[in-house]
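Undergrad: Here's a structure for you.
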Amino acid sequence: MTTIQILYEDDHQQRALALSTALVNQAAADPVSVAPKAVQGLRTLVFWGHGDKDALCRLSSREVVRLIGQWHALNPTLDAVEIITCNARHYDDAWLTKTDDKGKISKIKPKTHLHSYLAHALSGKRINNSMAKQVKRGLKYGRDSKVQKIQLKSMPESLNGSHNQYSILYWDQSSFSWCYVTGPSTAEMFEMGNNIKLTKSNGSDPSKKWGPARKGSFPEKVEAAKLEFPNADFGDVKAGKLADLRSMLEVVY
């Protein structure tokens with residue numbers, strides 16, 4: 001029986017189909033644009049595509065919430081939603097200045113749900129404007145009491161207790177493996193990604209830090225990178241095989 005429906009962005013088709021195959025007889029995978037349909041016994045929707053605070057699978061948070069509601073209307077047994085994407089839990093902070101990779105300082109007012117904005121304005125707490133929190137607010141403050149109870153899970157905000165601004169989820173189709181990296185800036189995040197994906201250059205030019213693509217699955221790449229870059233902090237890195245990916249997800253409150 002199909003209890004899991006995977007909705008993927010077009011260029012994530014192969015990995016979504018691989019996940020569907022791994023979940024033997026439990027899952028189906030379709031483009032996120034597919035019309036919602038009744039699926040007997042459906043319990044979980046999984047979104048897998050590109051993501052940041054502004055879009056998930058090219059949909060705004062409001063469009064995601066609306067789509068979840070449409071699926072739930074046809075499948076009242078639906079009680080869980082999972083988000084697999086980069087930056088699912090990362091966002092621009094409303095109360096702290098943001099410094100980009102070139103050192104420019106700016107402050108961005110977040111787009112968030114009115115109820116949450118008012119609550120945080122009164123409490124003085126930071127507004128978590130990540131895509132996952134936007135979707136959670138949309139479900140929580142929606143009119144349908146049953147949709148309000150849907151459990152939402154996403155990739156974690158932190159792997160070692162640190163508060164970072166960005167995250168990226170790498171995928172290797174040949175080994176069906178993944179690597180999740182978070183960082184305080186895109187520059188630091190991508191530098192760690194390059195440490196993992198690429199070997200050191202053997203050339204005499206010290207500026208050529210990386211060379212050919214590293215071989216093996218992502219767990220193997222990470223272990224090799226730790227040996228090549230012994231001074232790097234791998235605390236914000238987690239890698240695994242396809243079967244481990246959904247176990248990385250955390251409940252969004």
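Just remember, in the structure tokens the first chain shown is A, the second B, etc., residues are 1-based per chain, and ligands are 1-based in the order shown.
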Just the residues within 6 Å of range 236-243 of chain A, please, counting only C-alpha atoms, with nothing from its chain fewer than 3 positions along; format it as a compact mmCIF listing (two decimals) with N, CA, C and O atoms, in the first residue's frame.
TA:
# COMPACT_ATOMS: atom_id res chain seq x y z
N LEU A 159 23.73 20.82 13.39
CA LEU A 159 24.27 19.48 13.59
C LEU A 159 25.10 19.39 14.86
O LEU A 159 25.36 18.31 15.36
N PHE A 176 24.02 6.79 -4.53
CA PHE A 176 22.79 7.02 -3.75
C PHE A 176 23.14 7.47 -2.33
O PHE A 176 22.64 6.94 -1.34
N SER A 177 24.01 8.47 -2.27
CA SER A 177 24.42 8.99 -0.97
C SER A 177 24.28 10.50 -0.95
O SER A 177 24.18 11.15 -1.99
N TRP A 178 24.30 11.08 0.25
CA TRP A 178 24.06 12.50 0.43
C TRP A 178 25.03 13.07 1.47
O TRP A 178 25.63 12.33 2.26
N CYS A 179 25.13 14.39 1.46
CA CYS A 179 25.95 15.08 2.46
C CYS A 179 25.27 16.40 2.79
O CYS A 179 24.95 17.18 1.89
N TYR A 180 25.06 16.65 4.07
CA TYR A 180 24.40 17.87 4.54
C TYR A 180 25.43 18.74 5.24
O TYR A 180 26.12 18.28 6.16
N VAL A 181 25.55 19.98 4.78
CA VAL A 181 26.54 20.91 5.32
C VAL A 181 25.86 22.21 5.71
O VAL A 181 25.07 22.76 4.92
N THR A 182 26.13 22.72 6.90
CA THR A 182 25.64 24.04 7.29
C THR A 182 26.83 24.96 7.52
O THR A 182 27.95 24.51 7.75
N PHE A 218 29.39 9.64 -0.43
CA PHE A 218 29.64 10.81 0.41
C PHE A 218 30.20 10.45 1.79
O PHE A 218 31.08 11.15 2.30
N PRO A 219 29.74 9.39 2.44
CA PRO A 219 30.40 9.03 3.71
C PRO A 219 31.89 8.76 3.52
O PRO A 219 32.71 9.14 4.37
Undergrad: Distance table requested - range 50-96 of chain A against range 13-26 of chain A, cut-off 12 Å, only C-alpha atoms: one row per qualifying residue with the closest atom pair and its distance in Å to one decimal, ordered by chain and rising residue number, as a tab-separated table.
TA:
residue	atom	partner	partner_atom	distance
A:His50	CA	A:Gln13	CA	11.9
A:Cys57	CA	A:Gln13	CA	11.7
A:Ile84	CA	A:Ala16	CA	10.2
A:Thr85	CA	A:Ala16	CA	11.9
Undergrad: Kindly save the residues from that selection, with all heavy atoms included, as an mmCIF file, in the first residue's frame.
TA:
data_model
loop_
_atom_site.group_PDB
_atom_site.id
_atom_site.type_symbol
_atom_site.label_atom_id
_atom_site.label_comp_id
_atom_site.auth_asym_id
_atom_site.auth_seq_id
_atom_site.Cartn_x
_atom_site.Cartn_y
_atom_site.Cartn_z
ATOM 1 N N HIS A 50 14.750 22.117 -4.701
ATOM 2 C CA HIS A 50 15.549 23.246 -4.248
ATOM 3 C C HIS A 50 14.757 24.035 -3.212
ATOM 4 O O HIS A 50 13.517 24.071 -3.256
ATOM 5 C CB HIS A 50 15.901 24.157 -5.425
ATOM 6 C CG HIS A 50 16.767 23.494 -6.451
ATOM 7 N ND1 HIS A 50 18.089 23.175 -6.221
ATOM 8 C CD2 HIS A 50 16.495 23.067 -7.713
ATOM 9 C CE1 HIS A 50 18.598 22.593 -7.292
ATOM 10 N NE2 HIS A 50 17.652 22.509 -8.212
ATOM 11 N N CYS A 57 10.681 23.884 -3.996
ATOM 12 C CA CYS A 57 10.226 23.293 -5.261
ATOM 13 C C CYS A 57 9.549 24.351 -6.134
ATOM 14 O O CYS A 57 8.532 24.095 -6.776
ATOM 15 C CB CYS A 57 9.273 22.131 -5.007
ATOM 16 S SG CYS A 57 9.984 20.739 -4.121
ATOM 17 N N ILE A 84 12.595 17.911 2.319
ATOM 18 C CA ILE A 84 13.996 17.575 2.068
ATOM 19 C C ILE A 84 14.543 18.610 1.095
ATOM 20 O O ILE A 84 14.194 18.605 -0.089
ATOM 21 C CB ILE A 84 14.136 16.155 1.487
ATOM 22 C CG1 ILE A 84 13.511 15.119 2.434
ATOM 23 C CG2 ILE A 84 15.603 15.823 1.232
ATOM 24 C CD1 ILE A 84 13.520 13.701 1.878
ATOM 25 N N THR A 85 15.368 19.509 1.591
ATOM 26 C CA THR A 85 15.880 20.590 0.750
ATOM 27 C C THR A 85 17.025 21.310 1.451
ATOM 28 O O THR A 85 17.244 21.129 2.656
ATOM 29 C CB THR A 85 14.770 21.608 0.428
ATOM 30 O OG1 THR A 85 15.244 22.542 -0.541
ATOM 31 C CG2 THR A 85 14.341 22.371 1.668
#
Undergrad: Here is a test: counting only C-alpha atoms, which residue of A:Gln40, A:Asn129, A:Gln5, A:Gln70 is nearest to Ala55 in chain A?
TA: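 Comparing A:Gln40, A:Asn129, A:Gln5, A:Gln70 against Ala55 in chain A, the winner is A:Asn129.
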Undergrad: Point out the residue among A:Asn202, A:Gln173, A:Ser60, A:Asn87 with the least atom-to-atom distance to Gln134 in chain A, counting only C-alpha atoms.
TA: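 Of all the options, A:Ser60 lies closest to Gln134 in chain A.
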Undergrad: Using only C-alpha atoms, pick whichever of A:Arg246, A:Arg66, A:His12, A:Lys133 has the shortest atom-to-atom distance to Trp48 in chain A.
TA: A:His12
Undergrad: Going by DSSP on the backbone, which bits of range 2-39 of chain A are strand (DSSP E)? Write them as a ChimeraX atom specification, please.
TA: /A:4-8,27-31
Undergrad: When distances are computed from only C-alpha atoms, which of A:Lys149, A:Lys221, A:Arg43, A:Lys136 shows the smallest separation from Ile196 in chain A?
TA: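 Smallest distance to Ile196 in chain A is found for A:Lys221.
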Undergrad: Write out as a PyMOL selection string each polymer residue whose atoms come within 12 Å of Val64 in chain A, counting only C-alpha atoms; drop sequence neighbours fewer than 6 positions from it.
TA: chain A and resi 7+32-33+45-47+51+54-58+70-71+81-83+131-132+134-139
Undergrad: What would the file look like if the residues just selected were written as an mmCIF file, in the first residue's frame with N, CA, C and O atoms?
TA:
data_model
loop_
_atom_site.group_PDB
_atom_site.id
_atom_site.type_symbol
_atom_site.label_atom_id
_atom_site.label_comp_id
_atom_site.auth_asym_id
_atom_site.auth_seq_id
_atom_site.Cartn_x
_atom_site.Cartn_y
_atom_site.Cartn_z
ATOM 1 N N LEU A 7 6.770 14.346 -3.710
ATOM 2 C CA LEU A 7 6.558 15.396 -4.705
ATOM 3 C C LEU A 7 7.904 16.061 -4.966
ATOM 4 O O LEU A 7 8.508 16.621 -4.047
ATOM 5 N N VAL A 32 6.008 17.839 -8.445
ATOM 6 C CA VAL A 32 5.228 18.630 -7.499
ATOM 7 C C VAL A 32 4.021 19.267 -8.185
ATOM 8 O O VAL A 32 3.036 19.629 -7.522
ATOM 9 N N SER A 33 4.076 19.366 -9.505
ATOM 10 C CA SER A 33 2.982 19.972 -10.265
ATOM 11 C C SER A 33 1.815 19.017 -10.515
ATOM 12 O O SER A 33 0.778 19.434 -11.045
ATOM 13 N N LEU A 45 3.334 13.195 2.991
ATOM 14 C CA LEU A 45 3.792 13.899 1.792
ATOM 15 C C LEU A 45 5.258 14.268 1.993
ATOM 16 O O LEU A 45 5.628 14.778 3.058
ATOM 17 N N VAL A 46 6.082 14.025 0.981
ATOM 18 C CA VAL A 46 7.497 14.395 1.034
ATOM 19 C C VAL A 46 7.789 15.366 -0.103
ATOM 20 O O VAL A 46 7.559 15.040 -1.273
ATOM 21 N N PHE A 47 8.276 16.551 0.230
ATOM 22 C CA PHE A 47 8.709 17.520 -0.775
ATOM 23 C C PHE A 47 10.223 17.422 -0.903
ATOM 24 O O PHE A 47 10.944 17.532 0.096
ATOM 25 N N GLY A 51 15.476 24.674 -2.290
ATOM 26 C CA GLY A 51 14.754 25.422 -1.277
ATOM 27 C C GLY A 51 15.567 26.519 -0.629
ATOM 28 O O GLY A 51 16.790 26.449 -0.548
ATOM 29 N N ASP A 54 12.470 31.618 0.550
ATOM 30 C CA ASP A 54 11.491 32.188 -0.371
ATOM 31 C C ASP A 54 10.734 31.151 -1.191
ATOM 32 O O ASP A 54 9.645 31.436 -1.695
ATOM 33 N N ALA A 55 11.295 29.964 -1.364
ATOM 34 C CA ALA A 55 10.644 28.982 -2.227
ATOM 35 C C ALA A 55 11.071 27.563 -1.871
ATOM 36 O O ALA A 55 12.189 27.331 -1.412
ATOM 37 N N LEU A 56 10.166 26.632 -2.099
ATOM 38 C CA LEU A 56 10.424 25.199 -1.982
ATOM 39 C C LEU A 56 9.844 24.546 -3.225
ATOM 40 O O LEU A 56 8.648 24.682 -3.491
ATOM 41 N N CYS A 57 10.681 23.884 -3.996
ATOM 42 C CA CYS A 57 10.226 23.293 -5.261
ATOM 43 C C CYS A 57 9.549 24.351 -6.134
ATOM 44 O O CYS A 57 8.532 24.095 -6.776
ATOM 45 N N ARG A 58 10.090 25.565 -6.089
ATOM 46 C CA ARG A 58 9.587 26.716 -6.856
ATOM 47 C C ARG A 58 8.224 27.217 -6.366
ATOM 48 O O ARG A 58 7.558 27.998 -7.051
ATOM 49 N N GLN A 70 -4.867 20.755 -0.201
ATOM 50 C CA GLN A 70 -5.556 20.084 -1.307
ATOM 51 C C GLN A 70 -5.353 18.570 -1.246
ATOM 52 O O GLN A 70 -6.291 17.803 -1.497
ATOM 53 N N TRP A 71 -4.142 18.150 -0.916
ATOM 54 C CA TRP A 71 -3.887 16.713 -0.770
ATOM 55 C C TRP A 71 -4.658 16.150 0.424
ATOM 56 O O TRP A 71 -5.212 15.049 0.360
ATOM 57 N N VAL A 81 4.049 15.675 6.943
ATOM 58 C CA VAL A 81 4.699 16.281 5.779
ATOM 59 C C VAL A 81 6.191 16.369 6.075
ATOM 60 O O VAL A 81 6.594 16.738 7.186
ATOM 61 N N GLU A 82 7.010 16.032 5.081
ATOM 62 C CA GLU A 82 8.459 16.089 5.230
ATOM 63 C C GLU A 82 9.059 16.986 4.148
ATOM 64 O O GLU A 82 8.635 16.928 2.989
ATOM 65 N N ILE A 83 10.029 17.796 4.539
ATOM 66 C CA ILE A 83 10.704 18.702 3.610
ATOM 67 C C ILE A 83 12.175 18.309 3.519
ATOM 68 O O ILE A 83 12.901 18.358 4.512
ATOM 69 N N MET A 131 11.874 28.442 5.629
ATOM 70 C CA MET A 131 10.759 27.875 4.882
ATOM 71 C C MET A 131 9.960 26.908 5.748
ATOM 72 O O MET A 131 8.724 26.915 5.744
ATOM 73 N N ALA A 132 10.660 26.075 6.516
ATOM 74 C CA ALA A 132 9.960 25.101 7.356
ATOM 75 C C ALA A 132 9.046 25.792 8.364
ATOM 76 O O ALA A 132 7.909 25.365 8.586
ATOM 77 N N GLN A 134 7.780 28.838 8.093
ATOM 78 C CA GLN A 134 6.688 29.496 7.374
ATOM 79 C C GLN A 134 5.572 28.496 7.068
ATOM 80 O O GLN A 134 4.385 28.798 7.231
ATOM 81 N N VAL A 135 5.967 27.301 6.622
ATOM 82 C CA VAL A 135 4.969 26.268 6.326
ATOM 83 C C VAL A 135 4.263 25.838 7.613
ATOM 84 O O VAL A 135 3.035 25.676 7.636
ATOM 85 N N LYS A 136 5.025 25.681 8.683
ATOM 86 C CA LYS A 136 4.428 25.286 9.961
ATOM 87 C C LYS A 136 3.406 26.314 10.419
ATOM 88 O O LYS A 136 2.314 25.954 10.884
ATOM 89 N N ARG A 137 3.733 27.593 10.294
ATOM 90 C CA ARG A 137 2.783 28.635 10.687
ATOM 91 C C ARG A 137 1.522 28.577 9.824
ATOM 92 O O ARG A 137 0.407 28.750 10.310
ATOM 93 N N GLY A 138 1.736 28.351 8.526
ATOM 94 C CA GLY A 138 0.588 28.281 7.630
ATOM 95 C C GLY A 138 -0.353 27.148 7.995
ATOM 96 O O GLY A 138 -1.582 27.292 7.918
ATOM 97 N N LEU A 139 0.216 26.009 8.402
ATOM 98 C CA LEU A 139 -0.611 24.878 8.829
ATOM 99 C C LEU A 139 -1.268 25.175 10.175
ATOM 100 O O LEU A 139 -2.469 24.954 10.365
#
Undergrad: Name all residues at most 10 Å from His163 in chain A (count only C-alpha atoms; drop same-chain ones fewer than 6 positions away) and give them as a list in words.
TA: His90, Glu157, Thr182, Gly183 and Pro184 of chain A
